[in-house]
$ cat final_23.cif   # mmCIF, N, CA, C and O atoms
data_protein
loop_
_atom_site.label_atom_id
_atom_site.label_comp_id
_atom_site.auth_asym_id
_atom_site.auth_seq_id
_atom_site.Cartn_x
_atom_site.Cartn_y
_atom_site.Cartn_z
N MET A 15 105.01 -185.18 66.75
CA MET A 15 103.98 -186.11 66.38
C MET A 15 102.78 -185.33 65.84
O MET A 15 102.39 -184.30 66.38
N ALA A 16 102.19 -185.82 64.79
CA ALA A 16 101.01 -185.20 64.19
C ALA A 16 99.82 -186.13 64.34
O ALA A 16 99.95 -187.35 64.27
N LEU A 17 98.66 -185.55 64.56
CA LEU A 17 97.42 -186.30 64.65
C LEU A 17 96.51 -185.81 63.56
O LEU A 17 96.32 -184.60 63.38
N ASP A 18 95.96 -186.73 62.79
CA ASP A 18 95.08 -186.37 61.69
C ASP A 18 93.90 -187.32 61.71
O ASP A 18 93.97 -188.40 62.28
N ASN A 19 92.79 -186.91 61.11
CA ASN A 19 91.63 -187.78 61.08
C ASN A 19 90.91 -187.67 59.75
O ASN A 19 91.24 -186.85 58.92
N GLY A 20 89.92 -188.51 59.57
CA GLY A 20 89.11 -188.52 58.36
C GLY A 20 88.11 -189.64 58.45
O GLY A 20 88.07 -190.38 59.43
N THR A 21 87.30 -189.77 57.42
CA THR A 21 86.36 -190.88 57.38
C THR A 21 87.12 -192.17 57.10
O THR A 21 88.29 -192.14 56.67
N VAL A 22 86.46 -193.29 57.32
CA VAL A 22 87.11 -194.58 57.02
C VAL A 22 87.55 -194.61 55.56
O VAL A 22 88.66 -195.03 55.24
N GLY A 23 86.69 -194.13 54.68
CA GLY A 23 87.03 -194.11 53.25
C GLY A 23 88.25 -193.26 52.95
O GLY A 23 89.13 -193.64 52.17
N GLN A 24 88.31 -192.08 53.57
CA GLN A 24 89.46 -191.19 53.36
C GLN A 24 90.74 -191.82 53.90
O GLN A 24 91.79 -191.76 53.24
N LEU A 25 90.65 -192.39 55.08
CA LEU A 25 91.85 -192.97 55.70
C LEU A 25 92.34 -194.18 54.93
O LEU A 25 93.55 -194.33 54.70
N THR A 26 91.43 -195.06 54.50
CA THR A 26 91.88 -196.23 53.74
C THR A 26 92.50 -195.82 52.41
O THR A 26 93.47 -196.42 51.97
N LYS A 27 91.96 -194.78 51.78
CA LYS A 27 92.56 -194.30 50.52
C LYS A 27 93.99 -193.81 50.78
O LYS A 27 94.90 -194.10 50.00
N ARG A 28 94.17 -193.08 51.86
CA ARG A 28 95.51 -192.56 52.17
C ARG A 28 96.50 -193.70 52.42
O ARG A 28 97.63 -193.67 51.92
N VAL A 29 96.07 -194.71 53.16
CA VAL A 29 96.95 -195.86 53.42
C VAL A 29 97.20 -196.60 52.12
O VAL A 29 98.34 -196.98 51.81
N ASP A 30 96.15 -196.83 51.33
CA ASP A 30 96.31 -197.54 50.06
C ASP A 30 97.21 -196.77 49.09
O ASP A 30 97.90 -197.38 48.27
N ASP A 31 97.22 -195.44 49.21
CA ASP A 31 98.09 -194.62 48.36
C ASP A 31 99.53 -194.56 48.87
O ASP A 31 100.36 -193.87 48.29
N GLY A 32 99.80 -195.24 49.99
CA GLY A 32 101.18 -195.33 50.48
C GLY A 32 101.54 -194.43 51.63
O GLY A 32 102.70 -194.40 52.06
N GLU A 33 100.57 -193.67 52.17
CA GLU A 33 100.88 -192.80 53.31
C GLU A 33 101.23 -193.65 54.53
O GLU A 33 100.57 -194.65 54.80
N SER A 34 102.26 -193.27 55.24
CA SER A 34 102.68 -194.04 56.41
C SER A 34 101.90 -193.59 57.64
O SER A 34 101.33 -192.51 57.68
N PHE A 35 101.87 -194.46 58.65
CA PHE A 35 101.17 -194.16 59.89
C PHE A 35 101.82 -194.93 61.03
O PHE A 35 102.48 -195.94 60.81
N ASP A 36 101.64 -194.42 62.24
CA ASP A 36 102.10 -195.12 63.44
C ASP A 36 100.94 -195.83 64.12
O ASP A 36 101.08 -196.92 64.64
N VAL A 37 99.78 -195.17 64.15
CA VAL A 37 98.56 -195.72 64.74
C VAL A 37 97.43 -195.46 63.76
O VAL A 37 97.32 -194.37 63.21
N LEU A 38 96.59 -196.46 63.57
CA LEU A 38 95.48 -196.33 62.63
C LEU A 38 94.19 -196.73 63.34
O LEU A 38 94.11 -197.81 63.92
N VAL A 39 93.21 -195.83 63.35
CA VAL A 39 91.92 -196.10 63.99
C VAL A 39 90.89 -196.24 62.87
O VAL A 39 90.61 -195.27 62.16
N LEU A 40 90.37 -197.45 62.71
CA LEU A 40 89.41 -197.75 61.65
C LEU A 40 88.31 -198.65 62.18
O LEU A 40 88.37 -199.12 63.32
N SER A 41 87.36 -198.96 61.32
CA SER A 41 86.33 -199.93 61.64
C SER A 41 86.98 -201.32 61.75
O SER A 41 88.07 -201.55 61.20
N PRO A 42 86.33 -202.25 62.46
CA PRO A 42 86.89 -203.60 62.56
C PRO A 42 87.17 -204.24 61.21
O PRO A 42 88.20 -204.90 61.03
N LYS A 43 86.30 -204.03 60.24
CA LYS A 43 86.51 -204.60 58.90
C LYS A 43 87.77 -204.01 58.26
O LYS A 43 88.55 -204.74 57.64
N GLY A 44 87.97 -202.70 58.40
CA GLY A 44 89.17 -202.07 57.84
C GLY A 44 90.44 -202.63 58.47
O GLY A 44 91.41 -202.92 57.77
N ILE A 45 90.42 -202.78 59.78
CA ILE A 45 91.59 -203.34 60.48
C ILE A 45 91.85 -204.77 60.01
O ILE A 45 92.98 -205.16 59.73
N GLU A 46 90.76 -205.55 59.91
CA GLU A 46 90.89 -206.95 59.46
C GLU A 46 91.50 -207.01 58.06
O GLU A 46 92.40 -207.83 57.80
N ASP A 47 91.04 -206.15 57.17
CA ASP A 47 91.57 -206.13 55.80
C ASP A 47 93.06 -205.80 55.78
O ASP A 47 93.83 -206.44 55.07
N TYR A 48 93.48 -204.79 56.57
CA TYR A 48 94.89 -204.43 56.59
C TYR A 48 95.75 -205.49 57.28
O TYR A 48 96.90 -205.69 56.90
N ALA A 49 95.19 -206.19 58.23
CA ALA A 49 95.93 -207.30 58.86
C ALA A 49 96.18 -208.40 57.83
O ALA A 49 97.29 -208.94 57.75
N LYS A 50 95.17 -208.72 57.02
CA LYS A 50 95.31 -209.73 55.97
C LYS A 50 96.34 -209.32 54.93
O LYS A 50 97.05 -210.15 54.38
N LYS A 51 96.42 -208.01 54.65
CA LYS A 51 97.36 -207.48 53.66
C LYS A 51 98.77 -207.30 54.23
O LYS A 51 99.69 -206.95 53.51
N GLY A 52 98.92 -207.49 55.55
CA GLY A 52 100.22 -207.31 56.17
C GLY A 52 100.61 -205.86 56.39
O GLY A 52 101.78 -205.55 56.60
N LYS A 53 99.64 -204.94 56.37
CA LYS A 53 99.95 -203.52 56.56
C LYS A 53 99.94 -203.11 58.02
O LYS A 53 100.35 -202.00 58.35
N ILE A 54 99.45 -203.98 58.91
CA ILE A 54 99.53 -203.73 60.35
C ILE A 54 100.11 -204.97 61.01
O ILE A 54 99.99 -206.08 60.50
N ALA A 55 100.77 -204.75 62.13
CA ALA A 55 101.40 -205.87 62.85
C ALA A 55 100.33 -206.77 63.44
O ALA A 55 99.39 -206.28 64.08
N PRO A 56 100.43 -208.08 63.22
CA PRO A 56 99.43 -209.01 63.75
C PRO A 56 99.34 -208.92 65.27
O PRO A 56 100.34 -208.75 65.96
N GLY A 57 98.11 -208.99 65.78
CA GLY A 57 97.89 -209.00 67.21
C GLY A 57 97.97 -207.65 67.89
O GLY A 57 97.91 -207.56 69.11
N THR A 58 98.09 -206.55 67.12
CA THR A 58 98.20 -205.24 67.74
C THR A 58 96.87 -204.49 67.77
O THR A 58 96.81 -203.41 68.33
N GLU A 59 95.83 -205.09 67.20
CA GLU A 59 94.54 -204.40 67.19
C GLU A 59 93.90 -204.44 68.58
O GLU A 59 94.12 -205.37 69.35
N ALA A 60 93.15 -203.41 68.88
CA ALA A 60 92.44 -203.31 70.16
C ALA A 60 91.12 -202.59 69.93
O ALA A 60 91.06 -201.62 69.18
N LYS A 61 90.06 -203.08 70.56
CA LYS A 61 88.77 -202.41 70.46
C LYS A 61 88.85 -201.12 71.26
O LYS A 61 89.23 -201.12 72.42
N LEU A 62 88.48 -200.04 70.61
CA LEU A 62 88.62 -198.71 71.21
C LEU A 62 87.27 -198.12 71.62
O LEU A 62 87.16 -197.52 72.67
N ALA A 63 86.24 -198.32 70.80
CA ALA A 63 84.94 -197.72 71.08
C ALA A 63 83.86 -198.44 70.30
O ALA A 63 84.14 -199.20 69.38
N LYS A 64 82.63 -198.18 70.68
CA LYS A 64 81.48 -198.71 69.96
C LYS A 64 80.63 -197.51 69.55
O LYS A 64 80.42 -196.61 70.35
N VAL A 65 80.19 -197.51 68.31
CA VAL A 65 79.42 -196.38 67.79
C VAL A 65 78.01 -196.85 67.47
O VAL A 65 77.82 -197.84 66.79
N GLY A 66 77.04 -196.12 67.97
CA GLY A 66 75.65 -196.40 67.64
C GLY A 66 75.18 -195.47 66.54
O GLY A 66 75.65 -194.35 66.41
N VAL A 67 74.27 -195.95 65.74
CA VAL A 67 73.72 -195.15 64.66
C VAL A 67 72.21 -195.13 64.83
O VAL A 67 71.59 -196.17 65.03
N GLY A 68 71.62 -193.96 64.76
CA GLY A 68 70.18 -193.83 64.90
C GLY A 68 69.54 -193.33 63.62
O GLY A 68 70.18 -192.67 62.81
N VAL A 69 68.28 -193.68 63.45
CA VAL A 69 67.52 -193.23 62.28
C VAL A 69 66.24 -192.61 62.79
O VAL A 69 65.57 -193.17 63.66
N MET A 70 65.91 -191.47 62.25
CA MET A 70 64.65 -190.81 62.60
C MET A 70 63.83 -190.61 61.33
O MET A 70 64.38 -190.43 60.25
N VAL A 71 62.52 -190.67 61.49
CA VAL A 71 61.62 -190.48 60.36
C VAL A 71 60.67 -189.34 60.71
O VAL A 71 60.12 -189.29 61.82
N LYS A 72 60.50 -188.43 59.80
CA LYS A 72 59.58 -187.32 60.01
C LYS A 72 58.17 -187.84 60.26
O LYS A 72 57.73 -188.81 59.63
N GLU A 73 57.48 -187.22 61.18
CA GLU A 73 56.13 -187.64 61.53
C GLU A 73 55.26 -187.72 60.27
O GLU A 73 55.29 -186.81 59.42
N GLY A 74 54.51 -188.83 60.17
CA GLY A 74 53.62 -189.02 59.02
C GLY A 74 54.26 -189.71 57.83
O GLY A 74 53.60 -190.05 56.87
N ARG A 75 55.58 -189.91 57.86
CA ARG A 75 56.29 -190.57 56.76
C ARG A 75 56.40 -192.05 57.07
O ARG A 75 56.39 -192.47 58.23
N PRO A 76 56.53 -192.91 56.04
CA PRO A 76 56.64 -194.35 56.29
C PRO A 76 57.95 -194.68 57.00
O PRO A 76 58.98 -194.05 56.78
N SER A 77 57.87 -195.69 57.83
CA SER A 77 59.04 -196.16 58.57
C SER A 77 59.95 -196.98 57.65
O SER A 77 59.46 -197.76 56.83
N PRO A 78 61.28 -196.81 57.74
CA PRO A 78 62.17 -197.62 56.90
C PRO A 78 62.14 -199.08 57.35
O PRO A 78 61.93 -199.40 58.51
N THR A 79 62.34 -199.98 56.40
CA THR A 79 62.35 -201.40 56.74
C THR A 79 63.68 -202.02 56.45
O THR A 79 64.50 -201.50 55.81
#

$ encode --input "final_23.cif" --output "structure tokens"
Amino acid sequence: MALDNGTVGQLTKRVDDGESFDVLVLSPKGIEDYAKKGKIAPGTEAKLAKVGVGVMVKEGRPSPT
């Protein structure tokens, strides 16, 4: 068995290019899209983790809105 990883964009390109997989870990939207396309078995998705994203601004710079 081989384990490989990449960004969501890299992984979706590989799947779209026809690469086969046994398990696919993607964002919920990616999983939803592949379920609609019939590329994953219905009902096999499972929430695995939650990722937080933080933003920092250098002191004295305007805050993003």

$ atom_distance --input "final_23.cif" --atom1 "atom C of Glu33 (chain A)" --atom2 "atom C of Val65 (chain A)"
26.8 Å

$ residues_around --input "final_23.cif" --residues "Thr26 (chain A)" --least-positions-apart "5" --cutoff "8 Å" --atoms "all atoms listed in the file" --output "PDB file with N, CA, C and O atoms, in the coordinates of the input"
ATOM      1  N   GLY A  20      89.920-188.510  59.570  1.00  0.00           N
ATOM      2  CA  GLY A  20      89.110-188.520  58.360  1.00  0.00           C
ATOM      3  C   GLY A  20      88.110-189.640  58.450  1.00  0.00           C
ATOM      4  O   GLY A  20      88.070-190.380  59.430  1.00  0.00           O
ATOM      5  N   THR A  21      87.300-189.770  57.420  1.00  0.00           N
ATOM      6  CA  THR A  21      86.360-190.880  57.380  1.00  0.00           C
ATOM      7  C   THR A  21      87.120-192.170  57.100  1.00  0.00           C
ATOM      8  O   THR A  21      88.290-192.140  56.670  1.00  0.00           O
ATOM      9  N   ASP A  31      97.220-195.440  49.210  1.00  0.00           N
ATOM     10  CA  ASP A  31      98.090-194.620  48.360  1.00  0.00           C
ATOM     11  C   ASP A  31      99.530-194.560  48.870  1.00  0.00           C
ATOM     12  O   ASP A  31     100.360-193.870  48.290  1.00  0.00           O
ATOM     13  N   GLY A  32      99.800-195.240  49.990  1.00  0.00           N
ATOM     14  CA  GLY A  32     101.180-195.330  50.480  1.00  0.00           C
ATOM     15  C   GLY A  32     101.540-194.430  51.630  1.00  0.00           C
ATOM     16  O   GLY A  32     102.700-194.400  52.060  1.00  0.00           O
ATOM     17  N   GLU A  33     100.570-193.670  52.170  1.00  0.00           N
ATOM     18  CA  GLU A  33     100.880-192.800  53.310  1.00  0.00           C
ATOM     19  C   GLU A  33     101.230-193.650  54.530  1.00  0.00           C
ATOM     20  O   GLU A  33     100.570-194.650  54.800  1.00  0.00           O
ATOM     21  N   VAL A  39      93.210-195.830  63.350  1.00  0.00           N
ATOM     22  CA  VAL A  39      91.920-196.100  63.990  1.00  0.00           C
ATOM     23  C   VAL A  39      90.890-196.240  62.870  1.00  0.00           C
ATOM     24  O   VAL A  39      90.610-195.270  62.160  1.00  0.00           O
ATOM     25  N   LEU A  40      90.370-197.450  62.710  1.00  0.00           N
ATOM     26  CA  LEU A  40      89.410-197.750  61.650  1.00  0.00           C
ATOM     27  C   LEU A  40      88.310-198.650  62.180  1.00  0.00           C
ATOM     28  O   LEU A  40      88.370-199.120  63.320  1.00  0.00           O
ATOM     29  N   GLY A  44      87.970-202.700  58.400  1.00  0.00           N
ATOM     30  CA  GLY A  44      89.170-202.070  57.840  1.00  0.00           C
ATOM     31  C   GLY A  44      90.440-202.630  58.470  1.00  0.00           C
ATOM     32  O   GLY A  44      91.410-202.920  57.770  1.00  0.00           O
TER      33      GLY A  44
END

$ select_by_dssp --input "final_23.cif" --residues "chain A" --states "helix (DSSP H, G or I)" --output "list in words"
Val22, Gly23, Gln24, Leu25, Thr26, Lys27, Arg28, Val29, Asp30, Pro42, Lys43, Gly44, Ile45, Glu46, Asp47, Tyr48, Ala49, Lys50 and Lys51 of chain A

$ write_last_selection --input "final_23.cif" --atoms "N, CA, C and O atoms" --output "JSON list (two decimals), in the coordinates of the input"
[["chain", "number", "residue", "atom", "x", "y", "z"],
["A", 22, "VAL", "N", 86.46, -193.29, 57.32],
["A", 22, "VAL", "CA", 87.11, -194.58, 57.02],
["A", 22, "VAL", "C", 87.55, -194.61, 55.56],
["A", 22, "VAL", "O", 88.66, -195.03, 55.24],
["A", 23, "GLY", "N", 86.69, -194.13, 54.68],
["A", 23, "GLY", "CA", 87.03, -194.11, 53.25],
["A", 23, "GLY", "C", 88.25, -193.26, 52.95],
["A", 23, "GLY", "O", 89.13, -193.64, 52.17],
["A", 24, "GLN", "N", 88.31, -192.08, 53.57],
["A", 24, "GLN", "CA", 89.46, -191.19, 53.36],
["A", 24, "GLN", "C", 90.74, -191.82, 53.90],
["A", 24, "GLN", "O", 91.79, -191.76, 53.24],
["A", 25, "LEU", "N", 90.65, -192.39, 55.08],
["A", 25, "LEU", "CA", 91.85, -192.97, 55.70],
["A", 25, "LEU", "C", 92.34, -194.18, 54.93],
["A", 25, "LEU", "O", 93.55, -194.33, 54.70],
["A", 26, "THR", "N", 91.43, -195.06, 54.50],
["A", 26, "THR", "CA", 91.88, -196.23, 53.74],
["A", 26, "THR", "C", 92.50, -195.82, 52.41],
["A", 26, "THR", "O", 93.47, -196.42, 51.97],
["A", 27, "LYS", "N", 91.96, -194.78, 51.78],
["A", 27, "LYS", "CA", 92.56, -194.30, 50.52],
["A", 27, "LYS", "C", 93.99, -193.81, 50.78],
["A", 27, "LYS", "O", 94.90, -194.10, 50.00],
["A", 28, "ARG", "N", 94.17, -193.08, 51.86],
["A", 28, "ARG", "CA", 95.51, -192.56, 52.17],
["A", 28, "ARG", "C", 96.50, -193.70, 52.42],
["A", 28, "ARG", "O", 97.63, -193.67, 51.92],
["A", 29, "VAL", "N", 96.07, -194.71, 53.16],
["A", 29, "VAL", "CA", 96.95, -195.86, 53.42],
["A", 29, "VAL", "C", 97.20, -196.60, 52.12],
["A", 29, "VAL", "O", 98.34, -196.98, 51.81],
["A", 30, "ASP", "N", 96.15, -196.83, 51.33],
["A", 30, "ASP", "CA", 96.31, -197.54, 50.06],
["A", 30, "ASP", "C", 97.21, -196.77, 49.09],
["A", 30, "ASP", "O", 97.90, -197.38, 48.27],
["A", 42, "PRO", "N", 86.33, -202.25, 62.46],
["A", 42, "PRO", "CA", 86.89, -203.60, 62.56],
["A", 42, "PRO", "C", 87.17, -204.24, 61.21],
["A", 42, "PRO", "O", 88.20, -204.90, 61.03],
["A", 43, "LYS", "N", 86.30, -204.03, 60.24],
["A", 43, "LYS", "CA", 86.51, -204.60, 58.90],
["A", 43, "LYS", "C", 87.77, -204.01, 58.26],
["A", 43, "LYS", "O", 88.55, -204.74, 57.64],
["A", 44, "GLY", "N", 87.97, -202.70, 58.40],
["A", 44, "GLY", "CA", 89.17, -202.07, 57.84],
["A", 44, "GLY", "C", 90.44, -202.63, 58.47],
["A", 44, "GLY", "O", 91.41, -202.92, 57.77],
["A", 45, "ILE", "N", 90.42, -202.78, 59.78],
["A", 45, "ILE", "CA", 91.59, -203.34, 60.48],
["A", 45, "ILE", "C", 91.85, -204.77, 60.01],
["A", 45, "ILE", "O", 92.98, -205.16, 59.73],
["A", 46, "GLU", "N", 90.76, -205.55, 59.91],
["A", 46, "GLU", "CA", 90.89, -206.95, 59.46],
["A", 46, "GLU", "C", 91.50, -207.01, 58.06],
["A", 46, "GLU", "O", 92.40, -207.83, 57.80],
["A", 47, "ASP", "N", 91.04, -206.15, 57.17],
["A", 47, "ASP", "CA", 91.57, -206.13, 55.80],
["A", 47, "ASP", "C", 93.06, -205.80, 55.78],
["A", 47, "ASP", "O", 93.83, -206.44, 55.07],
["A", 48, "TYR", "N", 93.48, -204.79, 56.57],
["A", 48, "TYR", "CA", 94.89, -204.43, 56.59],
["A", 48, "TYR", "C", 95.75, -205.49, 57.28],
["A", 48, "TYR", "O", 96.90, -205.69, 56.90],
["A", 49, "ALA", "N", 95.19, -206.19, 58.23],
["A", 49, "ALA", "CA", 95.93, -207.30, 58.86],
["A", 49, "ALA", "C", 96.18, -208.40, 57.83],
["A", 49, "ALA", "O", 97.29, -208.94, 57.75],
["A", 50, "LYS", "N", 95.17, -208.72, 57.02],
["A", 50, "LYS", "CA", 95.31, -209.73, 55.97],
["A", 50, "LYS", "C", 96.34, -209.32, 54.93],
["A", 50, "LYS", "O", 97.05, -210.15, 54.38],
["A", 51, "LYS", "N", 96.42, -208.01, 54.65],
["A", 51, "LYS", "CA", 97.36, -207.48, 53.66],
["A", 51, "LYS", "C", 98.77, -207.30, 54.23],
["A", 51, "LYS", "O", 99.69, -206.95, 53.51]]

$ closest_residue --input "final_23.cif" --among "A:Thr79, A:Asp18, A:Leu38, A:Lys72" --to "Glu59 (chain A)" --atoms "all atoms listed in the file"
A:Leu38

$ residues_around --input "final_23.cif" --residues "Ala63 (chain A)" --least-positions-apart "3" --cutoff "8 Å" --atoms "all atoms listed in the file" --output "list in words"
Leu40, Pro42, Ala60 and Gly66 of chain A

$ resolve_selection --input "final_23.cif" --expression "the PyMOL selection byres (((chain A and resi 37 and name CA) around 12) and name CA)" --output "PyMOL selection string"
chain A and resi 15-19+25+29+34-36+38-40+45+53-55+58-60

$ write_last_selection --input "final_23.cif" --atoms "N, CA, C and O atoms" --output "mmCIF file, keeping the file's coordinate frame"
data_model
loop_
_atom_site.group_PDB
_atom_site.id
_atom_site.type_symbol
_atom_site.label_atom_id
_atom_site.label_comp_id
_atom_site.auth_asym_id
_atom_site.auth_seq_id
_atom_site.Cartn_x
_atom_site.Cartn_y
_atom_site.Cartn_z
ATOM 1 N N MET A 15 105.010 -185.180 66.750
ATOM 2 C CA MET A 15 103.980 -186.110 66.380
ATOM 3 C C MET A 15 102.780 -185.330 65.840
ATOM 4 O O MET A 15 102.390 -184.300 66.380
ATOM 5 N N ALA A 16 102.190 -185.820 64.790
ATOM 6 C CA ALA A 16 101.010 -185.200 64.190
ATOM 7 C C ALA A 16 99.820 -186.130 64.340
ATOM 8 O O ALA A 16 99.950 -187.350 64.270
ATOM 9 N N LEU A 17 98.660 -185.550 64.560
ATOM 10 C CA LEU A 17 97.420 -186.300 64.650
ATOM 11 C C LEU A 17 96.510 -185.810 63.560
ATOM 12 O O LEU A 17 96.320 -184.600 63.380
ATOM 13 N N ASP A 18 95.960 -186.730 62.790
ATOM 14 C CA ASP A 18 95.080 -186.370 61.690
ATOM 15 C C ASP A 18 93.900 -187.320 61.710
ATOM 16 O O ASP A 18 93.970 -188.400 62.280
ATOM 17 N N ASN A 19 92.790 -186.910 61.110
ATOM 18 C CA ASN A 19 91.630 -187.780 61.080
ATOM 19 C C ASN A 19 90.910 -187.670 59.750
ATOM 20 O O ASN A 19 91.240 -186.850 58.920
ATOM 21 N N LEU A 25 90.650 -192.390 55.080
ATOM 22 C CA LEU A 25 91.850 -192.970 55.700
ATOM 23 C C LEU A 25 92.340 -194.180 54.930
ATOM 24 O O LEU A 25 93.550 -194.330 54.700
ATOM 25 N N VAL A 29 96.070 -194.710 53.160
ATOM 26 C CA VAL A 29 96.950 -195.860 53.420
ATOM 27 C C VAL A 29 97.200 -196.600 52.120
ATOM 28 O O VAL A 29 98.340 -196.980 51.810
ATOM 29 N N SER A 34 102.260 -193.270 55.240
ATOM 30 C CA SER A 34 102.680 -194.040 56.410
ATOM 31 C C SER A 34 101.900 -193.590 57.640
ATOM 32 O O SER A 34 101.330 -192.510 57.680
ATOM 33 N N PHE A 35 101.870 -194.460 58.650
ATOM 34 C CA PHE A 35 101.170 -194.160 59.890
ATOM 35 C C PHE A 35 101.820 -194.930 61.030
ATOM 36 O O PHE A 35 102.480 -195.940 60.810
ATOM 37 N N ASP A 36 101.640 -194.420 62.240
ATOM 38 C CA ASP A 36 102.100 -195.120 63.440
ATOM 39 C C ASP A 36 100.940 -195.830 64.120
ATOM 40 O O ASP A 36 101.080 -196.920 64.640
ATOM 41 N N LEU A 38 96.590 -196.460 63.570
ATOM 42 C CA LEU A 38 95.480 -196.330 62.630
ATOM 43 C C LEU A 38 94.190 -196.730 63.340
ATOM 44 O O LEU A 38 94.110 -197.810 63.920
ATOM 45 N N VAL A 39 93.210 -195.830 63.350
ATOM 46 C CA VAL A 39 91.920 -196.100 63.990
ATOM 47 C C VAL A 39 90.890 -196.240 62.870
ATOM 48 O O VAL A 39 90.610 -195.270 62.160
ATOM 49 N N LEU A 40 90.370 -197.450 62.710
ATOM 50 C CA LEU A 40 89.410 -197.750 61.650
ATOM 51 C C LEU A 40 88.310 -198.650 62.180
ATOM 52 O O LEU A 40 88.370 -199.120 63.320
ATOM 53 N N ILE A 45 90.420 -202.780 59.780
ATOM 54 C CA ILE A 45 91.590 -203.340 60.480
ATOM 55 C C ILE A 45 91.850 -204.770 60.010
ATOM 56 O O ILE A 45 92.980 -205.160 59.730
ATOM 57 N N LYS A 53 99.640 -204.940 56.370
ATOM 58 C CA LYS A 53 99.950 -203.520 56.560
ATOM 59 C C LYS A 53 99.940 -203.110 58.020
ATOM 60 O O LYS A 53 100.350 -202.000 58.350
ATOM 61 N N ILE A 54 99.450 -203.980 58.910
ATOM 62 C CA ILE A 54 99.530 -203.730 60.350
ATOM 63 C C ILE A 54 100.110 -204.970 61.010
ATOM 64 O O ILE A 54 99.990 -206.080 60.500
ATOM 65 N N ALA A 55 100.770 -204.750 62.130
ATOM 66 C CA ALA A 55 101.400 -205.870 62.850
ATOM 67 C C ALA A 55 100.330 -206.770 63.440
ATOM 68 O O ALA A 55 99.390 -206.280 64.080
ATOM 69 N N THR A 58 98.090 -206.550 67.120
ATOM 70 C CA THR A 58 98.200 -205.240 67.740
ATOM 71 C C THR A 58 96.870 -204.490 67.770
ATOM 72 O O THR A 58 96.810 -203.410 68.330
ATOM 73 N N GLU A 59 95.830 -205.090 67.200
ATOM 74 C CA GLU A 59 94.540 -204.400 67.190
ATOM 75 C C GLU A 59 93.900 -204.440 68.580
ATOM 76 O O GLU A 59 94.120 -205.370 69.350
ATOM 77 N N ALA A 60 93.150 -203.410 68.880
ATOM 78 C CA ALA A 60 92.440 -203.310 70.160
ATOM 79 C C ALA A 60 91.120 -202.590 69.930
ATOM 80 O O ALA A 60 91.060 -201.620 69.180
#

$ atom_distance --input "final_23.cif" --atom1 "CA of Ser41 (chain A)" --atom2 "atom O of Val22 (chain A)"
8.4 Å

$ atom_distance --input "final_23.cif" --atom1 "CA of Lys50 (chain A)" --atom2 "CA of Asp30 (chain A)"
13.6 Å
